[in-house]
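K.L.:
One structure, as structure tokens, below. Some questions next.
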Amino acid sequence: MAQVVLGPVLGYLGSNETQWFLSAILATSGQEQVPSLTFESAGASGAKSSAGTAIFKWRDTTVWRFTFNVSVSKDTNTKHKYSVTGVMAEFDFEVPKGGSLPNIFFASCNGQASYTKPFTFEGQDRLWVAARALHQRSPYHVMLMGGDNVYCDSFFKRAPLLARYFEKGIDSPGVENEPWTPELDAQLRDAYLRIYIETWGRPDQIF
């Protein structure tokens, strides 16, 4: 049984007077078959689908990317629904009417204040909860994210083999000749995947 470990994350790829071009990112564990995203616009006749493309795979985790486009109304904001068959429940989003400005909010660093103790303080997602409440009253169309996507300083603890590159100092002669071994590569992939899911896989971030 496939399990969603991160997402969905919608991405805005551009627009014109009649369409919005979008992507959806989803990370699953134990998904063998290529999933398909189904989407439907309010008032449209029938649903459409988009097959997923695997953009990253490590151990039993696969990151899928879907691309699709939805219609823009010149008269009113429009609601659209999407789901991934057998993997993900249905979600919806709104697109502003043609010629109007989108409702935008800004975020930075996702509440990370310390790389040594990330996400350990009470109420760490309170701003996500507040944003979701505002979104339910007046839907946001675009989020602009600033700051760091993830903090990777903890690599030195999660990937011990990385520490040898810096034991003598990063500017020490010959440090650039330290071998990049399969074991080091595996540790870094494990660490990065864990950090990314811990940072962006929390339920309060989805709305």
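FYI, nothing fancy with the structure tokens labels: chains A, B, ... in order, residues from 1 per chain, ligands from 1 as they appear.
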Residues of range 14-172 of chain A classed as strand (DSSP E or B) by DSSP on the backbone are to be reported as a PyMOL selection string.
P.N.:
chain A and resi 14-15+19-29+36-41+48-51+53-58+61-71+78-84+88-95+104-108+142-146
K.L.:
So which residues touch Gly14 in chain A within 12 Å, counting only C-alpha atoms, skipping near sequence neighbours fewer than 2 positions away, as a PDB file with N, CA, C and O atoms, in the first residue's frame?
P.N.:
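Contents of around.pdb, freshly written:
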ATOM      1  N   GLY A  11       2.526  23.921  -7.746  1.00  0.00           N
ATOM      2  CA  GLY A  11       3.460  24.912  -8.249  1.00  0.00           C
ATOM      3  C   GLY A  11       2.846  25.707  -9.386  1.00  0.00           C
ATOM      4  O   GLY A  11       2.195  25.140 -10.272  1.00  0.00           O
ATOM      5  N   TYR A  12       3.043  27.007  -9.356  1.00  0.00           N
ATOM      6  CA  TYR A  12       2.551  27.896 -10.423  1.00  0.00           C
ATOM      7  C   TYR A  12       3.635  28.022 -11.484  1.00  0.00           C
ATOM      8  O   TYR A  12       4.743  28.482 -11.210  1.00  0.00           O
ATOM      9  N   ASN A  16      -1.824  32.572 -18.903  1.00  0.00           N
ATOM     10  CA  ASN A  16      -2.203  33.542 -19.928  1.00  0.00           C
ATOM     11  C   ASN A  16      -3.654  33.934 -19.678  1.00  0.00           C
ATOM     12  O   ASN A  16      -4.188  33.676 -18.593  1.00  0.00           O
ATOM     13  N   GLU A  17      -4.301  34.536 -20.640  1.00  0.00           N
ATOM     14  CA  GLU A  17      -5.655  35.039 -20.412  1.00  0.00           C
ATOM     15  C   GLU A  17      -6.675  33.924 -20.232  1.00  0.00           C
ATOM     16  O   GLU A  17      -7.747  34.145 -19.655  1.00  0.00           O
ATOM     17  N   THR A  18      -6.372  32.716 -20.684  1.00  0.00           N
ATOM     18  CA  THR A  18      -7.366  31.642 -20.642  1.00  0.00           C
ATOM     19  C   THR A  18      -6.968  30.441 -19.793  1.00  0.00           C
ATOM     20  O   THR A  18      -7.812  29.593 -19.505  1.00  0.00           O
ATOM     21  N   GLN A  19      -5.674  30.336 -19.372  1.00  0.00           N
ATOM     22  CA  GLN A  19      -5.238  29.147 -18.658  1.00  0.00           C
ATOM     23  C   GLN A  19      -4.207  29.468 -17.575  1.00  0.00           C
ATOM     24  O   GLN A  19      -3.454  30.436 -17.696  1.00  0.00           O
ATOM     25  N   TRP A  20      -4.197  28.644 -16.545  1.00  0.00           N
ATOM     26  CA  TRP A  20      -3.110  28.593 -15.570  1.00  0.00           C
ATOM     27  C   TRP A  20      -2.364  27.283 -15.777  1.00  0.00           C
ATOM     28  O   TRP A  20      -2.984  26.222 -15.903  1.00  0.00           O
ATOM     29  N   PHE A  21      -1.020  27.360 -15.788  1.00  0.00           N
ATOM     30  CA  PHE A  21      -0.187  26.176 -15.973  1.00  0.00           C
ATOM     31  C   PHE A  21       0.419  25.805 -14.619  1.00  0.00           C
ATOM     32  O   PHE A  21       1.050  26.652 -13.963  1.00  0.00           O
ATOM     33  N   LEU A  22       0.234  24.555 -14.203  1.00  0.00           N
ATOM     34  CA  LEU A  22       0.541  24.141 -12.838  1.00  0.00           C
ATOM     35  C   LEU A  22       1.336  22.844 -12.801  1.00  0.00           C
ATOM     36  O   LEU A  22       1.373  22.086 -13.772  1.00  0.00           O
ATOM     37  N   SER A  23       1.961  22.615 -11.666  1.00  0.00           N
ATOM     38  CA  SER A  23       2.569  21.322 -11.377  1.00  0.00           C
ATOM     39  C   SER A  23       2.130  20.898  -9.987  1.00  0.00           C
ATOM     40  O   SER A  23       1.726  21.726  -9.163  1.00  0.00           O
ATOM     41  N   THR A  67       2.148  17.625 -14.300  1.00  0.00           N
ATOM     42  CA  THR A  67       1.904  18.934 -14.897  1.00  0.00           C
ATOM     43  C   THR A  67       0.518  18.933 -15.529  1.00  0.00           C
ATOM     44  O   THR A  67       0.096  17.942 -16.131  1.00  0.00           O
ATOM     45  N   PHE A  68      -0.177  20.041 -15.375  1.00  0.00           N
ATOM     46  CA  PHE A  68      -1.526  20.153 -15.931  1.00  0.00           C
ATOM     47  C   PHE A  68      -1.898  21.623 -16.041  1.00  0.00           C
ATOM     48  O   PHE A  68      -1.186  22.495 -15.527  1.00  0.00           O
ATOM     49  N   ASN A  69      -2.962  21.914 -16.722  1.00  0.00           N
ATOM     50  CA  ASN A  69      -3.422  23.294 -16.848  1.00  0.00           C
ATOM     51  C   ASN A  69      -4.932  23.344 -16.663  1.00  0.00           C
ATOM     52  O   ASN A  69      -5.657  22.389 -16.969  1.00  0.00           O
ATOM     53  N   VAL A  70      -5.396  24.453 -16.103  1.00  0.00           N
ATOM     54  CA  VAL A  70      -6.822  24.647 -15.857  1.00  0.00           C
ATOM     55  C   VAL A  70      -7.270  25.951 -16.505  1.00  0.00           C
ATOM     56  O   VAL A  70      -6.469  26.863 -16.734  1.00  0.00           O
ATOM     57  N   VAL A 142      -1.448  32.139  -4.666  1.00  0.00           N
ATOM     58  CA  VAL A 142      -0.006  31.938  -4.825  1.00  0.00           C
ATOM     59  C   VAL A 142       0.694  32.174  -3.491  1.00  0.00           C
ATOM     60  O   VAL A 142       0.340  33.105  -2.763  1.00  0.00           O
TER      61      VAL A 142
END
K.L.:
Can you pull out the residues contacting range 95-99 of chain A? Cut-off 6 Å, using only C-alpha atoms, and skip same-chain residues under 4 positions away; I want them as a count of residues only.
P.N.:
7
K.L.:
Using only C-alpha atoms, which protein or nucleic acid residues come within 12 Å of range 183-194 of chain A? Drop anything in the same chain fewer than 4 positions from it, and give the result as a PyMOL selection string.
P.N.:
chain A and resi 5-6+27-29+56-63+149-165+178-179+198-201
K.L.:
Please produce an output containing N, CA, C and O atoms for each residue in the selection, written as a CSV table (one decimal), in the first residue's frame.
P.N.:
chain,number,residue,atom,x,y,z
A,5,VAL,N,4.2,10.6,1.9
A,5,VAL,CA,5.1,11.1,2.9
A,5,VAL,C,5.3,12.6,2.8
A,5,VAL,O,5.9,13.2,3.7
A,6,LEU,N,5.0,13.2,1.7
A,6,LEU,CA,5.1,14.6,1.5
A,6,LEU,C,4.2,15.1,0.4
A,6,LEU,O,4.1,14.5,-0.7
A,27,ALA,N,5.4,13.0,-2.8
A,27,ALA,CA,6.4,12.0,-2.5
A,27,ALA,C,5.6,10.8,-1.8
A,27,ALA,O,4.8,11.0,-0.9
A,28,THR,N,5.9,9.6,-2.3
A,28,THR,CA,5.2,8.4,-1.8
A,28,THR,C,6.2,7.4,-1.4
A,28,THR,O,7.4,7.3,-1.9
A,29,SER,N,5.8,6.5,-0.5
A,29,SER,CA,6.6,5.4,-0.1
A,29,SER,C,5.9,4.1,-0.5
A,29,SER,O,4.7,4.0,-0.2
A,56,PHE,N,12.7,11.9,-8.6
A,56,PHE,CA,13.7,11.4,-7.6
A,56,PHE,C,13.2,10.1,-7.0
A,56,PHE,O,12.1,10.0,-6.7
A,57,LYS,N,14.2,9.2,-6.9
A,57,LYS,CA,13.8,7.9,-6.2
A,57,LYS,C,15.0,7.5,-5.4
A,57,LYS,O,16.2,7.5,-5.9
A,58,TRP,N,14.7,7.1,-4.1
A,58,TRP,CA,15.8,6.7,-3.2
A,58,TRP,C,15.1,5.7,-2.3
A,58,TRP,O,14.1,6.0,-1.6
A,59,ARG,N,15.7,4.5,-2.2
A,59,ARG,CA,15.1,3.4,-1.5
A,59,ARG,C,13.7,3.2,-1.9
A,59,ARG,O,13.4,3.0,-3.0
A,60,ASP,N,12.8,3.2,-0.9
A,60,ASP,CA,11.4,3.0,-1.3
A,60,ASP,C,10.6,4.3,-1.4
A,60,ASP,O,9.3,4.2,-1.5
A,61,THR,N,11.2,5.4,-1.5
A,61,THR,CA,10.6,6.7,-1.6
A,61,THR,C,10.7,7.2,-3.0
A,61,THR,O,11.9,7.3,-3.6
A,62,THR,N,9.6,7.7,-3.7
A,62,THR,CA,9.7,8.2,-5.0
A,62,THR,C,9.0,9.6,-5.0
A,62,THR,O,7.9,9.8,-4.3
A,63,VAL,N,9.6,10.6,-5.6
A,63,VAL,CA,9.0,11.9,-5.7
A,63,VAL,C,8.4,12.0,-7.2
A,63,VAL,O,9.2,11.8,-8.1
A,149,ASN,N,15.1,26.8,1.9
A,149,ASN,CA,14.1,25.8,1.7
A,149,ASN,C,14.2,24.7,2.9
A,149,ASN,O,13.2,24.4,3.5
A,150,VAL,N,15.4,24.3,3.1
A,150,VAL,CA,15.6,23.4,4.3
A,150,VAL,C,17.0,23.8,4.9
A,150,VAL,O,17.8,24.4,4.2
A,151,TYR,N,17.2,23.5,6.2
A,151,TYR,CA,18.5,23.8,6.8
A,151,TYR,C,19.2,22.4,6.8
A,151,TYR,O,18.7,21.4,7.4
A,152,CYS,N,20.4,22.4,6.3
A,152,CYS,CA,21.2,21.2,6.1
A,152,CYS,C,22.4,21.1,7.1
A,152,CYS,O,23.2,20.2,6.9
A,153,ASP,N,22.4,22.0,8.0
A,153,ASP,CA,23.6,22.0,8.9
A,153,ASP,C,23.7,20.7,9.7
A,153,ASP,O,24.8,20.3,10.1
A,154,SER,N,22.6,20.0,9.9
A,154,SER,CA,22.6,18.8,10.7
A,154,SER,C,23.2,17.6,9.9
A,154,SER,O,23.3,16.5,10.5
A,155,PHE,N,23.6,17.8,8.7
A,155,PHE,CA,24.2,16.8,7.9
A,155,PHE,C,25.4,16.2,8.6
A,155,PHE,O,25.7,15.0,8.5
A,156,PHE,N,26.1,17.0,9.4
A,156,PHE,CA,27.4,16.6,10.1
A,156,PHE,C,27.0,15.5,11.2
A,156,PHE,O,27.9,14.8,11.5
A,157,LYS,N,25.8,15.6,11.7
A,157,LYS,CA,25.4,14.6,12.7
A,157,LYS,C,24.7,13.4,12.0
A,157,LYS,O,24.9,12.2,12.4
A,158,ARG,N,23.9,13.7,10.9
A,158,ARG,CA,23.2,12.6,10.3
A,158,ARG,C,24.1,11.8,9.3
A,158,ARG,O,23.7,10.7,8.9
A,159,ALA,N,25.1,12.4,8.8
A,159,ALA,CA,26.0,11.8,7.8
A,159,ALA,C,27.4,11.9,8.4
A,159,ALA,O,28.2,12.7,8.0
A,160,PRO,N,27.8,11.0,9.3
A,160,PRO,CA,29.1,11.1,10.0
A,160,PRO,C,30.3,11.1,9.0
A,160,PRO,O,31.3,11.7,9.3
A,161,LEU,N,30.2,10.4,7.9
A,161,LEU,CA,31.3,10.3,6.9
A,161,LEU,C,31.6,11.7,6.3
A,161,LEU,O,32.7,11.9,5.9
A,162,LEU,N,30.6,12.6,6.4
A,162,LEU,CA,30.9,13.9,5.9
A,162,LEU,C,31.9,14.7,6.7
A,162,LEU,O,32.6,15.6,6.2
A,163,ALA,N,31.9,14.4,8.0
A,163,ALA,CA,32.8,15.2,8.9
A,163,ALA,C,34.2,15.1,8.6
A,163,ALA,O,35.0,16.0,8.9
A,164,ARG,N,34.7,14.0,7.9
A,164,ARG,CA,36.1,13.9,7.6
A,164,ARG,C,36.6,14.9,6.7
A,164,ARG,O,37.8,15.2,6.6
A,165,TYR,N,35.7,15.5,5.9
A,165,TYR,CA,36.1,16.6,4.9
A,165,TYR,C,36.5,17.8,5.7
A,165,TYR,O,37.2,18.7,5.1
A,178,GLU,N,39.5,14.3,-1.0
A,178,GLU,CA,38.9,13.2,-0.2
A,178,GLU,C,37.8,12.5,-1.2
A,178,GLU,O,37.1,13.1,-1.9
A,179,PRO,N,37.8,11.2,-1.2
A,179,PRO,CA,37.0,10.5,-2.1
A,179,PRO,C,35.5,10.6,-1.7
A,179,PRO,O,35.1,10.6,-0.6
A,198,GLU,N,10.8,15.9,7.1
A,198,GLU,CA,10.6,16.5,8.4
A,198,GLU,C,10.2,17.9,8.3
A,198,GLU,O,9.3,18.4,9.1
A,199,THR,N,10.8,18.6,7.3
A,199,THR,CA,10.5,20.1,7.2
A,199,THR,C,9.2,20.3,6.5
A,199,THR,O,8.4,21.3,6.9
A,200,TRP,N,8.8,19.6,5.5
A,200,TRP,CA,7.7,19.9,4.6
A,200,TRP,C,6.6,18.8,4.6
A,200,TRP,O,5.6,19.0,3.9
A,201,GLY,N,6.7,17.8,5.5
A,201,GLY,CA,5.7,16.8,5.5
A,201,GLY,C,4.7,16.8,6.6
A,201,GLY,O,4.1,15.8,6.9
K.L.:
So, with only C-alpha atoms as the atoms that count, which of A:Ser71, A:Thr38, A:Gln136, A:Gln31 lies closest to Ala54 in chain A?
P.N.:
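For Ala54 in chain A, the nearest of the given residues is A:Gln31.
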K.L.:
Among the residues of chain A, find those DSSP assigns to helix (DSSP H, G or I) from the backbone and print them as a ChimeraX atom specification.
P.N.:
/A:109-111,126-137,155-158,160-165,175-177,182-200,203-205
K.L.:
In Å, how far is it from CA of Phe166 in chain A to CA of Ile195 in chain A?
P.N.:
21.2 Å
K.L.:
Got a sec: who's within 8 Å of Val87 in chain A, counting only C-alpha atoms, leaving out chain neighbours fewer than 2 positions off, as an MDAnalysis selection string?
P.N.:
chainID A and resid 2:4 35 84:85 89
K.L.:
I need the chosen residues saved as a PDB file, in the first residue's frame, with C-alpha atoms.
P.N.:
ATOM      1  CA  ALA A   2       1.428   3.352  -1.068  1.00  0.00           C
ATOM      2  CA  GLN A   3       1.803   6.022   1.579  1.00  0.00           C
ATOM      3  CA  VAL A   4       2.074   9.781   0.992  1.00  0.00           C
ATOM      4  CA  PRO A  35       0.279   7.232 -10.444  1.00  0.00           C
ATOM      5  CA  VAL A  84      -4.145  11.029  -7.312  1.00  0.00           C
ATOM      6  CA  THR A  85      -5.970   7.754  -7.833  1.00  0.00           C
ATOM      7  CA  ALA A  89      -7.533  12.197  -1.260  1.00  0.00           C
TER       8      ALA A  89
END
